[in-house]
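A.B. asks: Let me give you the structure first, and then I'll get to my questions.
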Amino acid sequence: MSLTRADVEKVSLLARLALTPDELDALTVQLGEIIRYVQQLGELDTRDVQPLSHAMDLTNVFADDTLLPSLDREQALANAPKRDAECYRVPAMLGDESSR
Amino acid sequence: MSLIELTAAQLRDGLAAGRFSAQEITQSLLERIERVDRSVGAFLRMSPDAALAQAAASDQRRAAGRCLSPLDGIPVALKDVLCTAGEPTTCSSRMLANFVPPYDATVVRKLREAGLVLLGKTNLDEFAMGNSTENAALGTTRNPWDARRVPGGSSGGSAAAVAARMVPWAIGTDTGGSIRQPAAFCGTVGLKPTYGRVSRFGVVAFASSLDQVGPLARTAADAALLLEVIAGPDPQDATSAPVAVEPYSRTVAEPLESLTLGVVREQFGAGLDAEVGAAVERAIGTFQALGGTIREVTLPHSGYGVATYYLIASCEASSNLARYDGAHFGYRTDEAAMGRAVADQQRQQGADAADDDGDSGLLRMYRQTRAEAFGPEVKRRIMLGTYALSAGYYEAYYLKALQVRRLIRQDFDAVFGQVDLLIGPTTPTAAYCAGEKLDDPLAMYQGDLYTATANLAGIAGLSLPCGFTRSGLPIGVQLLAPAFHESRLLRAAHHYQQRTDWHTRTPELS
């Protein structure tokens, strides 16, 4: 299984990254090498092995159902790159070509 | 003896005896930083006035007999991945260059509550991704033992600051070796606690099932003191372990039990530098002299550790870093400029050339923001993780890696039925030259060969100085312990340091 430039371009869309043509070229090579390297895991027979997603055996950690202080609106908005009164300001999601 | 040469335990005793004040300590360290950090570059940000104010407040508390803890007034440095309320927290990324967290990480809160003086924030590989601190976007850190070489990473700034006597101890984070590896490269002690031992609340996430916070210090005794402050369950972190904190600072000096130490055969094979191997062999001899029994053991799947680690860590990173959207906090591209660029492109290529995959102003803003603000290694890992999680590849890569993770964990479970600790090299080589591996990610990743498996299994690990190469670079020996056996780990390291003086050497800096 080898990685093509078109694969990398598609992944860059999924990853929400705009890549330059040079970056696409470089990543096609580098990711290809990394993918070939990690394919060594295929040597292992893991048919009956349960995946381990987490090192701890904790399940269902519950918190008390009590009200605690949380960030107020000003604090939450304080780091917003762009805001409009009480809202985060973002470019149009549909239709509008201008990004405002 | 100059105050900068004292360990935290010695500073604690001196403060208690009234031999010096917290302000004198902080002043000495600030002068040291002023003199040597130009050549080391350990700190991203200092706030001398704020540090001196904290020290003055500590002196007042002590005079009034109201110390917050025995460590009240001792300075500490923080890797710039821990949130500090009202002070920038950047992860050495352009993405967070202007980010000011609204709250403290739990670890930071605990340090403040114990009265420690927060001296400054240290440099790291961007978002803690790397093992050389060369991926840092906001600063350059050099190895205090040789300015041509890297300090290791990702907690390179914290390790370099401790080694260069700019601070007695510091906080780092370890996802695949990021505390232990720079500790080895800089000649300090570095402890990665058991997963869940220390709260991750307020620690900017890289790979949530692997990240763990821990101390870097010159001695194991100091690491024990600092761990005791920061460890413990936290209601704000559901993955923090409901396991009581041991009095590490007391148990560290207790007599050493007769330990059986496992030497992992696979760790002394190809790829291990001869000088590093010889120094680690001598350290094994010292542990035998301390009453330890050595037994050869095997971790059959350890050779798959790096591949497993990079898949899992990158998958988790691609998900965690999805939060950087240019909308809520952090960097955002200049949309007016972006709009002009898109219009230019469309004019050149014709109107039909516009990307038709859900193209919108919002999507373009996301992609351009992230393109401009993430560095090459972060992009590489986001891409690898996104690929490995995408439809058609999930089973082959991510799921497969999780299965191998269990095999690696079972290897450790089996060996810890036979031995109390594992001992081996922390890194395959001593510190390498800056630039040497920057264009070869796979070569860089091999640096995590001996460390990453502990994160996958969630166990505790520690690196401590065990010698120097002929060219004068520090060498680290790694001890690994079963989950929640930090006490045993620290005690073994402490007794080793009672017999050796590697940790007392200071790099020559002008």
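Chains: A, B, ... in order of the structure tokens. Residues: from 1 per chain. Ligands: from 1, in order shown.
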Near chain B, which residues of chain A fall within 8 Å when you count only C-alpha atoms, and what do they look like as a ChimeraX atom specification?
C.D. replies: /A:8,11-19,27,30-31,33-34,37-42,44,46,49-56,58,61,63,71,75-77,79-82,88-100
A.B. asks: Write out as an NGL selection string each polymer residue whose atoms come within 10 Å of Ala55 in chain B, counting only C-alpha atoms; drop sequence neighbours fewer than 2 positions from it.
C.D. replies: :B and (21-27 or 49-53 or 57-61 or 72-75 or 115-119)
A.B. asks: Please list as an MDAnalysis selection string every residue within 9 Å of Thr298 in chain B, counting only C-alpha atoms and excluding residues in the same chain fewer than 4 positions away.
C.D. replies: chainID B and resid 262:266 302 411 415
A.B. asks: Taking the DSSP assignment computed from this structure's backbone, write out as a list in words all residues of range 10-188 of chain B that belong to strand (DSSP E or B).
C.D. replies: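 Secondary structure check on range 10-188 of chain B, strand (DSSP E or B): Phe43, Leu44, Arg45, Met46, Pro75, Val76, Ala77, Leu78, Lys79, Leu82, Thr84, Glu87, Val117, Leu118, Leu119, Gly120, Lys121, Thr122, Asn143, Asp146, Arg149, Trp169, Ala170, Ile171, Gly172, Thr173 and Asp174 of chain B.
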A.B. asks: If you run DSSP on this backbone, which residues of range 160-329 of chain B come out as alpha helix (DSSP H), and could you give them as a ChimeraX atom specification?
C.D. replies: /B:160-163,180-186,220-230,248-251,274-289,305-320
A.B. asks: B:Ser47, B:Gln288, B:Ser510, B:Gln267: which is nearest Gly120 in chain B, counting only C-alpha atoms?
C.D. replies: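 Between B:Ser47, B:Gln288, B:Ser510, B:Gln267, the residue approaching Gly120 in chain B most closely is B:Ser47.
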A.B. asks: What separation in Å, quoted to one decimal, exists between CA of Ala183 in chain B and CA of Val108 in chain B?
C.D. replies: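 Computing it gives 21.0 Å between the two atoms.
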A.B. asks: At a cut-off of 12 Å, using only C-alpha atoms, what residues contact Gly461 in chain B? Leave out same-chain residues fewer than 2 positions from it and give the result as a PyMOL selection string.
C.D. replies: chain B and resi 174-181+183+189-195+212-215+421-426+450-459+463-464+477-490+492-493
A.B. asks: What is the CA of Ser154 in chain B-CA of Ser28 in chain B distance in Å, reported with one decimal?
C.D. replies: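 So the answer is 26.9 Å.
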A.B. asks: How far is it from CA of Ala163 in chain B to CA of Ala430 in chain B, in Å with one decimal?
C.D. replies: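 One can read the CA of Ala163 in chain B to CA of Ala430 in chain B distance as 14.9 Å.
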A.B. asks: May I have the residues within 12 Å of Glu126 in chain B as JSON, numbers by chain, using only C-alpha atoms and disregarding those fewer than 3 positions away in the same chain?
C.D. replies: {"B": [79, 80, 81, 89, 90, 91, 92, 93, 94, 95, 96, 97, 122, 123, 129, 130, 131, 132, 133, 134, 135, 136, 137, 138, 139, 140, 153, 154, 155, 156, 157, 204, 205, 206, 321, 373, 374, 375, 376, 377, 378, 379, 381]}
A.B. asks: Would you mind telling me which residue in B:Arg148, B:Lys110, B:Arg66, B:Arg35 lies nearest to Ala231 in chain B when using only C-alpha atoms?
C.D. replies: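 For Ala231 in chain B, the nearest of the candidates is B:Lys110.
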